[in-house]
$ cat entry_14.cif   # mmCIF, N, CA and C atoms
data_upload
loop_
_atom_site.group_PDB
_atom_site.id
_atom_site.type_symbol
_atom_site.label_atom_id
_atom_site.label_comp_id
_atom_site.auth_asym_id
_atom_site.auth_seq_id
_atom_site.Cartn_x
_atom_site.Cartn_y
_atom_site.Cartn_z
ATOM 1 N N MET L 1 5.627 27.552 -3.704
ATOM 2 C CA MET L 1 5.781 26.159 -3.326
ATOM 3 C C MET L 1 6.936 25.558 -4.112
ATOM 4 N N LYS L 2 7.855 24.947 -3.435
ATOM 5 C CA LYS L 2 8.991 24.304 -4.089
ATOM 6 C C LYS L 2 8.676 22.843 -4.330
ATOM 7 N N VAL L 3 9.040 22.383 -5.496
ATOM 8 C CA VAL L 3 8.846 20.982 -5.849
ATOM 9 C C VAL L 3 10.209 20.395 -6.166
ATOM 10 N N ARG L 4 10.493 19.272 -5.544
ATOM 11 C CA ARG L 4 11.772 18.616 -5.825
ATOM 12 C C ARG L 4 11.765 18.048 -7.234
ATOM 13 N N VAL L 5 12.886 18.160 -7.907
ATOM 14 C CA VAL L 5 13.008 17.694 -9.289
ATOM 15 C C VAL L 5 12.711 16.213 -9.399
ATOM 16 N N GLY L 6 13.128 15.408 -8.442
ATOM 17 C CA GLY L 6 12.879 13.971 -8.479
ATOM 18 C C GLY L 6 11.401 13.640 -8.497
ATOM 19 N N ILE L 7 10.620 14.401 -7.749
ATOM 20 C CA ILE L 7 9.171 14.171 -7.718
ATOM 21 C C ILE L 7 8.557 14.524 -9.067
ATOM 22 N N VAL L 8 8.983 15.634 -9.641
ATOM 23 C CA VAL L 8 8.457 16.036 -10.950
ATOM 24 C C VAL L 8 8.814 14.992 -11.999
ATOM 25 N N LYS L 9 10.042 14.501 -11.968
ATOM 26 C CA LYS L 9 10.467 13.483 -12.921
ATOM 27 C C LYS L 9 9.636 12.217 -12.752
ATOM 28 N N ASP L 10 9.449 11.781 -11.506
ATOM 29 C CA ASP L 10 8.659 10.583 -11.246
ATOM 30 C C ASP L 10 7.220 10.779 -11.713
ATOM 31 N N ASN L 11 6.657 11.958 -11.460
ATOM 32 C CA ASN L 11 5.299 12.263 -11.872
ATOM 33 C C ASN L 11 5.199 12.252 -13.400
ATOM 34 N N ARG L 12 6.190 12.819 -14.059
ATOM 35 C CA ARG L 12 6.206 12.847 -15.528
ATOM 36 C C ARG L 12 6.299 11.424 -16.082
ATOM 37 N N GLU L 13 7.132 10.610 -15.493
ATOM 38 C CA GLU L 13 7.263 9.222 -15.925
ATOM 39 C C GLU L 13 5.946 8.477 -15.751
ATOM 40 N N ARG L 14 5.284 8.724 -14.630
ATOM 41 C CA ARG L 14 3.986 8.085 -14.357
ATOM 42 C C ARG L 14 2.963 8.507 -15.405
ATOM 43 N N GLN L 15 2.944 9.777 -15.735
ATOM 44 C CA GLN L 15 2.015 10.283 -16.738
ATOM 45 C C GLN L 15 2.287 9.651 -18.103
ATOM 46 N N LEU L 16 3.545 9.485 -18.445
ATOM 47 C CA LEU L 16 3.880 8.857 -19.725
ATOM 48 C C LEU L 16 3.466 7.390 -19.754
ATOM 49 N N ILE L 17 3.613 6.705 -18.632
ATOM 50 C CA ILE L 17 3.173 5.305 -18.546
ATOM 51 C C ILE L 17 1.673 5.208 -18.789
ATOM 52 N N LEU L 18 0.902 6.079 -18.135
ATOM 53 C CA LEU L 18 -0.556 6.058 -18.289
ATOM 54 C C LEU L 18 -0.973 6.460 -19.698
ATOM 55 N N LEU L 19 -0.272 7.411 -20.278
ATOM 56 C CA LEU L 19 -0.572 7.829 -21.647
ATOM 57 C C LEU L 19 -0.293 6.702 -22.632
ATOM 58 N N GLU L 20 0.824 6.021 -22.440
ATOM 59 C CA GLU L 20 1.165 4.896 -23.307
ATOM 60 C C GLU L 20 0.148 3.760 -23.157
ATOM 61 N N ALA L 21 -0.282 3.477 -21.941
ATOM 62 C CA ALA L 21 -1.283 2.432 -21.712
ATOM 63 C C ALA L 21 -2.595 2.803 -22.403
ATOM 64 N N SER L 22 -2.970 4.061 -22.332
ATOM 65 C CA SER L 22 -4.192 4.530 -23.014
ATOM 66 C C SER L 22 -4.077 4.352 -24.516
ATOM 67 N N TYR L 23 -2.915 4.687 -25.047
ATOM 68 C CA TYR L 23 -2.672 4.534 -26.480
ATOM 69 C C TYR L 23 -2.835 3.075 -26.916
ATOM 70 N N PHE L 24 -2.227 2.153 -26.162
ATOM 71 C CA PHE L 24 -2.306 0.744 -26.543
ATOM 72 C C PHE L 24 -3.717 0.186 -26.369
ATOM 73 N N LEU L 25 -4.457 0.713 -25.428
ATOM 74 C CA LEU L 25 -5.852 0.303 -25.281
ATOM 75 C C LEU L 25 -6.661 0.756 -26.504
ATOM 76 N N LEU L 26 -6.401 1.960 -26.963
ATOM 77 C CA LEU L 26 -7.085 2.452 -28.173
ATOM 78 C C LEU L 26 -6.640 1.678 -29.420
ATOM 79 N N LYS L 27 -5.372 1.316 -29.480
ATOM 80 C CA LYS L 27 -4.889 0.507 -30.606
ATOM 81 C C LYS L 27 -5.561 -0.861 -30.617
ATOM 82 N N LYS L 28 -5.853 -1.391 -29.435
ATOM 83 C CA LYS L 28 -6.550 -2.666 -29.319
ATOM 84 C C LYS L 28 -7.931 -2.553 -29.967
ATOM 85 N N GLN L 29 -8.610 -1.431 -29.725
ATOM 86 C CA GLN L 29 -9.917 -1.199 -30.346
ATOM 87 C C GLN L 29 -9.775 -1.069 -31.849
ATOM 88 N N GLU L 30 -8.774 -0.335 -32.292
ATOM 89 C CA GLU L 30 -8.563 -0.122 -33.723
ATOM 90 C C GLU L 30 -8.329 -1.441 -34.464
ATOM 91 N N ALA L 31 -7.648 -2.370 -33.816
ATOM 92 C CA ALA L 31 -7.325 -3.646 -34.449
ATOM 93 C C ALA L 31 -8.505 -4.622 -34.455
ATOM 94 N N SER L 32 -9.515 -4.337 -33.672
ATOM 95 C CA SER L 32 -10.651 -5.258 -33.556
ATOM 96 C C SER L 32 -11.753 -4.900 -34.551
ATOM 97 N N PRO L 33 -12.338 -5.913 -35.185
ATOM 98 C CA PRO L 33 -13.469 -5.633 -36.072
ATOM 99 C C PRO L 33 -14.755 -5.356 -35.288
ATOM 100 N N TYR L 34 -14.715 -5.573 -33.982
ATOM 101 C CA TYR L 34 -15.881 -5.388 -33.113
ATOM 102 C C TYR L 34 -15.677 -4.175 -32.206
ATOM 103 N N THR L 35 -16.757 -3.635 -31.715
ATOM 104 C CA THR L 35 -16.676 -2.565 -30.729
ATOM 105 C C THR L 35 -16.408 -3.202 -29.376
ATOM 106 N N LEU L 36 -15.305 -2.815 -28.768
ATOM 107 C CA LEU L 36 -14.907 -3.372 -27.483
ATOM 108 C C LEU L 36 -15.382 -2.475 -26.344
ATOM 109 N N ASN L 37 -15.621 -3.068 -25.199
ATOM 110 C CA ASN L 37 -15.888 -2.292 -23.993
ATOM 111 C C ASN L 37 -14.519 -1.996 -23.380
ATOM 112 N N LEU L 38 -13.981 -0.819 -23.662
ATOM 113 C CA LEU L 38 -12.622 -0.497 -23.243
ATOM 114 C C LEU L 38 -12.457 -0.424 -21.730
ATOM 115 N N LEU L 39 -13.546 -0.261 -21.002
ATOM 116 C CA LEU L 39 -13.445 -0.259 -19.544
ATOM 117 C C LEU L 39 -13.233 -1.672 -19.009
ATOM 118 N N GLU L 40 -13.648 -2.670 -19.767
ATOM 119 C CA GLU L 40 -13.464 -4.060 -19.341
ATOM 120 C C GLU L 40 -12.250 -4.714 -19.990
ATOM 121 N N GLU L 41 -11.758 -4.133 -21.056
ATOM 122 C CA GLU L 41 -10.572 -4.688 -21.713
ATOM 123 C C GLU L 41 -9.359 -4.520 -20.811
ATOM 124 N N THR L 42 -8.427 -5.452 -20.921
ATOM 125 C CA THR L 42 -7.230 -5.391 -20.086
ATOM 126 C C THR L 42 -6.052 -4.847 -20.877
ATOM 127 N N ILE L 43 -5.156 -4.249 -20.124
ATOM 128 C CA ILE L 43 -3.925 -3.692 -20.683
ATOM 129 C C ILE L 43 -2.830 -3.925 -19.653
ATOM 130 N N VAL L 44 -1.624 -4.179 -20.118
ATOM 131 C CA VAL L 44 -0.508 -4.420 -19.206
ATOM 132 C C VAL L 44 0.354 -3.170 -19.130
ATOM 133 N N TYR L 45 0.541 -2.684 -17.918
ATOM 134 C CA TYR L 45 1.505 -1.620 -17.665
ATOM 135 C C TYR L 45 2.026 -1.771 -16.250
ATOM 136 N N GLU L 46 3.213 -1.289 -16.025
ATOM 137 C CA GLU L 46 3.897 -1.439 -14.738
ATOM 138 C C GLU L 46 4.010 -2.902 -14.333
ATOM 139 N N GLY L 47 4.127 -3.771 -15.314
ATOM 140 C CA GLY L 47 4.343 -5.184 -15.045
ATOM 141 C C GLY L 47 3.135 -5.965 -14.565
ATOM 142 N N ALA L 48 1.954 -5.374 -14.668
ATOM 143 C CA ALA L 48 0.739 -6.067 -14.218
ATOM 144 C C ALA L 48 -0.387 -5.798 -15.210
ATOM 145 N N GLU L 49 -1.423 -6.608 -15.115
ATOM 146 C CA GLU L 49 -2.568 -6.473 -16.007
ATOM 147 C C GLU L 49 -3.675 -5.681 -15.297
ATOM 148 N N PHE L 50 -4.157 -4.637 -15.961
ATOM 149 C CA PHE L 50 -5.214 -3.791 -15.421
ATOM 150 C C PHE L 50 -6.328 -3.680 -16.450
ATOM 151 N N ASP L 51 -7.523 -3.364 -15.974
ATOM 152 C CA ASP L 51 -8.601 -3.112 -16.930
ATOM 153 C C ASP L 51 -8.760 -1.605 -17.140
ATOM 154 N N GLY L 52 -9.619 -1.251 -18.056
ATOM 155 C CA GLY L 52 -9.836 0.150 -18.384
ATOM 156 C C GLY L 52 -10.342 0.968 -17.216
ATOM 157 N N TYR L 53 -11.105 0.337 -16.321
ATOM 158 C CA TYR L 53 -11.582 1.046 -15.128
ATOM 159 C C TYR L 53 -10.402 1.518 -14.280
ATOM 160 N N CYS L 54 -9.451 0.630 -14.051
ATOM 161 C CA CYS L 54 -8.269 0.992 -13.256
ATOM 162 C C CYS L 54 -7.481 2.106 -13.931
ATOM 163 N N LEU L 55 -7.300 1.977 -15.226
ATOM 164 C CA LEU L 55 -6.578 2.995 -15.970
ATOM 165 C C LEU L 55 -7.284 4.342 -15.860
ATOM 166 N N MET L 56 -8.600 4.342 -15.995
ATOM 167 C CA MET L 56 -9.372 5.574 -15.906
ATOM 168 C C MET L 56 -9.219 6.210 -14.523
ATOM 169 N N GLU L 57 -9.268 5.403 -13.473
ATOM 170 C CA GLU L 57 -9.124 5.921 -12.113
ATOM 171 C C GLU L 57 -7.732 6.494 -11.880
ATOM 172 N N GLU L 58 -6.726 5.823 -12.392
ATOM 173 C CA GLU L 58 -5.364 6.313 -12.208
ATOM 174 C C GLU L 58 -5.134 7.613 -12.967
ATOM 175 N N ILE L 59 -5.728 7.733 -14.144
ATOM 176 C CA ILE L 59 -5.635 8.993 -14.899
ATOM 177 C C ILE L 59 -6.352 10.108 -14.139
ATOM 178 N N ALA L 60 -7.528 9.799 -13.594
ATOM 179 C CA ALA L 60 -8.273 10.798 -12.814
ATOM 180 C C ALA L 60 -7.466 11.262 -11.613
ATOM 181 N N GLU L 61 -6.775 10.349 -10.957
ATOM 182 C CA GLU L 61 -5.918 10.724 -9.820
ATOM 183 C C GLU L 61 -4.800 11.649 -10.264
ATOM 184 N N GLU L 62 -4.176 11.338 -11.396
ATOM 185 C CA GLU L 62 -3.108 12.191 -11.918
ATOM 186 C C GLU L 62 -3.612 13.595 -12.245
ATOM 187 N N LEU L 63 -4.860 13.672 -12.680
ATOM 188 C CA LEU L 63 -5.457 14.966 -13.041
ATOM 189 C C LEU L 63 -6.132 15.635 -11.846
ATOM 190 N N ASN L 64 -6.016 15.001 -10.674
ATOM 191 C CA ASN L 64 -6.641 15.519 -9.449
ATOM 192 C C ASN L 64 -8.148 15.690 -9.603
ATOM 193 N N LEU L 65 -8.781 14.754 -10.278
ATOM 194 C CA LEU L 65 -10.226 14.781 -10.461
ATOM 195 C C LEU L 65 -10.955 14.018 -9.364
ATOM 196 N N ILE L 66 -10.226 13.155 -8.660
ATOM 197 C CA ILE L 66 -10.837 12.413 -7.540
ATOM 198 C C ILE L 66 -9.980 12.559 -6.306
#
$ encode --input "entry_14.cif" --output "structure tokens"
Amino acid sequence: MKVRVGIVKDNRERQLILLEASYFLLKKQEASPYTLNLLEETIVYEGAEFDGYCLMEEIAEELNLI
């Protein structure tokens, strides 16, 4: 199966965006003295605000889990 380089690059960029969003969500927990519900906490990526549920679903899609 041949994969175009542009698609791989776009996919890699998407994965890095999701990884960075996950990192900042975890940093949000680290900075809080309270235990946060990370699925309900919001994070901004791709110019919009998403909650942890959306982030989890997008990661699952990238991993072909759903």
$ axis_aligned_box --input "entry_14.cif" --around "stretch 38-41 of chain L" --padding-each-side "4 Å" --output "JSON"
{"center_x": -11.7, "center_y": -2.5, "center_z": -21.3, "size_x": 12.6, "size_y": 12.5, "size_z": 12.7}
$ atom_distance --input "entry_14.cif" --atom1 "atom CA of L:Tyr34" --atom2 "atom CA of L:Gln15"
28.9 Å
$ closest_residue --input "entry_14.cif" --among "L:Leu18, L:Lys28, L:Thr35, L:Glu40" --to "L:Glu58" --atoms "only C-alpha atoms"
L:Leu18
$ select_by_dssp --input "entry_14.cif" --residues "chain L" --states "helix (DSSP H, G or I)" --output "CSV table (one decimal) with N, CA and C atoms, in the coordinates of the input"
chain,number,residue,atom,x,y,z
L,5,VAL,N,12.9,18.2,-7.9
L,5,VAL,CA,13.0,17.7,-9.3
L,5,VAL,C,12.7,16.2,-9.4
L,6,GLY,N,13.1,15.4,-8.4
L,6,GLY,CA,12.9,14.0,-8.5
L,6,GLY,C,11.4,13.6,-8.5
L,7,ILE,N,10.6,14.4,-7.7
L,7,ILE,CA,9.2,14.2,-7.7
L,7,ILE,C,8.6,14.5,-9.1
L,8,VAL,N,9.0,15.6,-9.6
L,8,VAL,CA,8.5,16.0,-11.0
L,8,VAL,C,8.8,15.0,-12.0
L,9,LYS,N,10.0,14.5,-12.0
L,9,LYS,CA,10.5,13.5,-12.9
L,9,LYS,C,9.6,12.2,-12.8
L,10,ASP,N,9.4,11.8,-11.5
L,10,ASP,CA,8.7,10.6,-11.2
L,10,ASP,C,7.2,10.8,-11.7
L,11,ASN,N,6.7,12.0,-11.5
L,11,ASN,CA,5.3,12.3,-11.9
L,11,ASN,C,5.2,12.3,-13.4
L,12,ARG,N,6.2,12.8,-14.1
L,12,ARG,CA,6.2,12.8,-15.5
L,12,ARG,C,6.3,11.4,-16.1
L,13,GLU,N,7.1,10.6,-15.5
L,13,GLU,CA,7.3,9.2,-15.9
L,13,GLU,C,5.9,8.5,-15.8
L,14,ARG,N,5.3,8.7,-14.6
L,14,ARG,CA,4.0,8.1,-14.4
L,14,ARG,C,3.0,8.5,-15.4
L,15,GLN,N,2.9,9.8,-15.7
L,15,GLN,CA,2.0,10.3,-16.7
L,15,GLN,C,2.3,9.7,-18.1
L,16,LEU,N,3.5,9.5,-18.4
L,16,LEU,CA,3.9,8.9,-19.7
L,16,LEU,C,3.5,7.4,-19.8
L,17,ILE,N,3.6,6.7,-18.6
L,17,ILE,CA,3.2,5.3,-18.5
L,17,ILE,C,1.7,5.2,-18.8
L,18,LEU,N,0.9,6.1,-18.1
L,18,LEU,CA,-0.6,6.1,-18.3
L,18,LEU,C,-1.0,6.5,-19.7
L,19,LEU,N,-0.3,7.4,-20.3
L,19,LEU,CA,-0.6,7.8,-21.6
L,19,LEU,C,-0.3,6.7,-22.6
L,20,GLU,N,0.8,6.0,-22.4
L,20,GLU,CA,1.2,4.9,-23.3
L,20,GLU,C,0.1,3.8,-23.2
L,21,ALA,N,-0.3,3.5,-21.9
L,21,ALA,CA,-1.3,2.4,-21.7
L,21,ALA,C,-2.6,2.8,-22.4
L,22,SER,N,-3.0,4.1,-22.3
L,22,SER,CA,-4.2,4.5,-23.0
L,22,SER,C,-4.1,4.4,-24.5
L,23,TYR,N,-2.9,4.7,-25.0
L,23,TYR,CA,-2.7,4.5,-26.5
L,23,TYR,C,-2.8,3.1,-26.9
L,24,PHE,N,-2.2,2.2,-26.2
L,24,PHE,CA,-2.3,0.7,-26.5
L,24,PHE,C,-3.7,0.2,-26.4
L,25,LEU,N,-4.5,0.7,-25.4
L,25,LEU,CA,-5.9,0.3,-25.3
L,25,LEU,C,-6.7,0.8,-26.5
L,26,LEU,N,-6.4,2.0,-27.0
L,26,LEU,CA,-7.1,2.5,-28.2
L,26,LEU,C,-6.6,1.7,-29.4
L,27,LYS,N,-5.4,1.3,-29.5
L,27,LYS,CA,-4.9,0.5,-30.6
L,27,LYS,C,-5.6,-0.9,-30.6
L,28,LYS,N,-5.9,-1.4,-29.4
L,28,LYS,CA,-6.6,-2.7,-29.3
L,28,LYS,C,-7.9,-2.6,-30.0
L,29,GLN,N,-8.6,-1.4,-29.7
L,29,GLN,CA,-9.9,-1.2,-30.3
L,29,GLN,C,-9.8,-1.1,-31.8
L,30,GLU,N,-8.8,-0.3,-32.3
L,30,GLU,CA,-8.6,-0.1,-33.7
L,30,GLU,C,-8.3,-1.4,-34.5
L,31,ALA,N,-7.6,-2.4,-33.8
L,31,ALA,CA,-7.3,-3.6,-34.4
L,31,ALA,C,-8.5,-4.6,-34.5
L,52,GLY,N,-9.6,-1.3,-18.1
L,52,GLY,CA,-9.8,0.2,-18.4
L,52,GLY,C,-10.3,1.0,-17.2
L,53,TYR,N,-11.1,0.3,-16.3
L,53,TYR,CA,-11.6,1.0,-15.1
L,53,TYR,C,-10.4,1.5,-14.3
L,54,CYS,N,-9.5,0.6,-14.1
L,54,CYS,CA,-8.3,1.0,-13.3
L,54,CYS,C,-7.5,2.1,-13.9
L,55,LEU,N,-7.3,2.0,-15.2
L,55,LEU,CA,-6.6,3.0,-16.0
L,55,LEU,C,-7.3,4.3,-15.9
L,56,MET,N,-8.6,4.3,-16.0
L,56,MET,CA,-9.4,5.6,-15.9
L,56,MET,C,-9.2,6.2,-14.5
L,57,GLU,N,-9.3,5.4,-13.5
L,57,GLU,CA,-9.1,5.9,-12.1
L,57,GLU,C,-7.7,6.5,-11.9
L,58,GLU,N,-6.7,5.8,-12.4
L,58,GLU,CA,-5.4,6.3,-12.2
L,58,GLU,C,-5.1,7.6,-13.0
L,59,ILE,N,-5.7,7.7,-14.1
L,59,ILE,CA,-5.6,9.0,-14.9
L,59,ILE,C,-6.4,10.1,-14.1
L,60,ALA,N,-7.5,9.8,-13.6
L,60,ALA,CA,-8.3,10.8,-12.8
L,60,ALA,C,-7.5,11.3,-11.6
L,61,GLU,N,-6.8,10.3,-11.0
L,61,GLU,CA,-5.9,10.7,-9.8
L,61,GLU,C,-4.8,11.6,-10.3
L,62,GLU,N,-4.2,11.3,-11.4
L,62,GLU,CA,-3.1,12.2,-11.9
L,62,GLU,C,-3.6,13.6,-12.2
$ closest_residue --input "entry_14.cif" --among "L:Gln29, L:Asp51, L:Tyr45, L:Glu61" --to "L:Ile17" --atoms "only N, CA and C atoms"
L:Tyr45
$ resolve_selection --input "entry_14.cif" --expression "the PyMOL selection byres (((chain L and resi 53 and name CA) around 9) and name CA)" --output "number ranges by chain"
L: 38-41, 50-52, 54-58
$ atom_distance --input "entry_14.cif" --atom1 "atom N of L:Asp10" --atom2 "atom C of L:Phe24"
23.0 Å
$ atom_distance --input "entry_14.cif" --atom1 "atom CA of L:Glu62" --atom2 "atom C of L:Asn11"
8.4 Å
$ closest_residue --input "entry_14.cif" --among "L:Ala31, L:Leu16, L:Leu65, L:Leu25" --to "L:Ile43" --atoms "only N, CA and C atoms"
L:Leu25
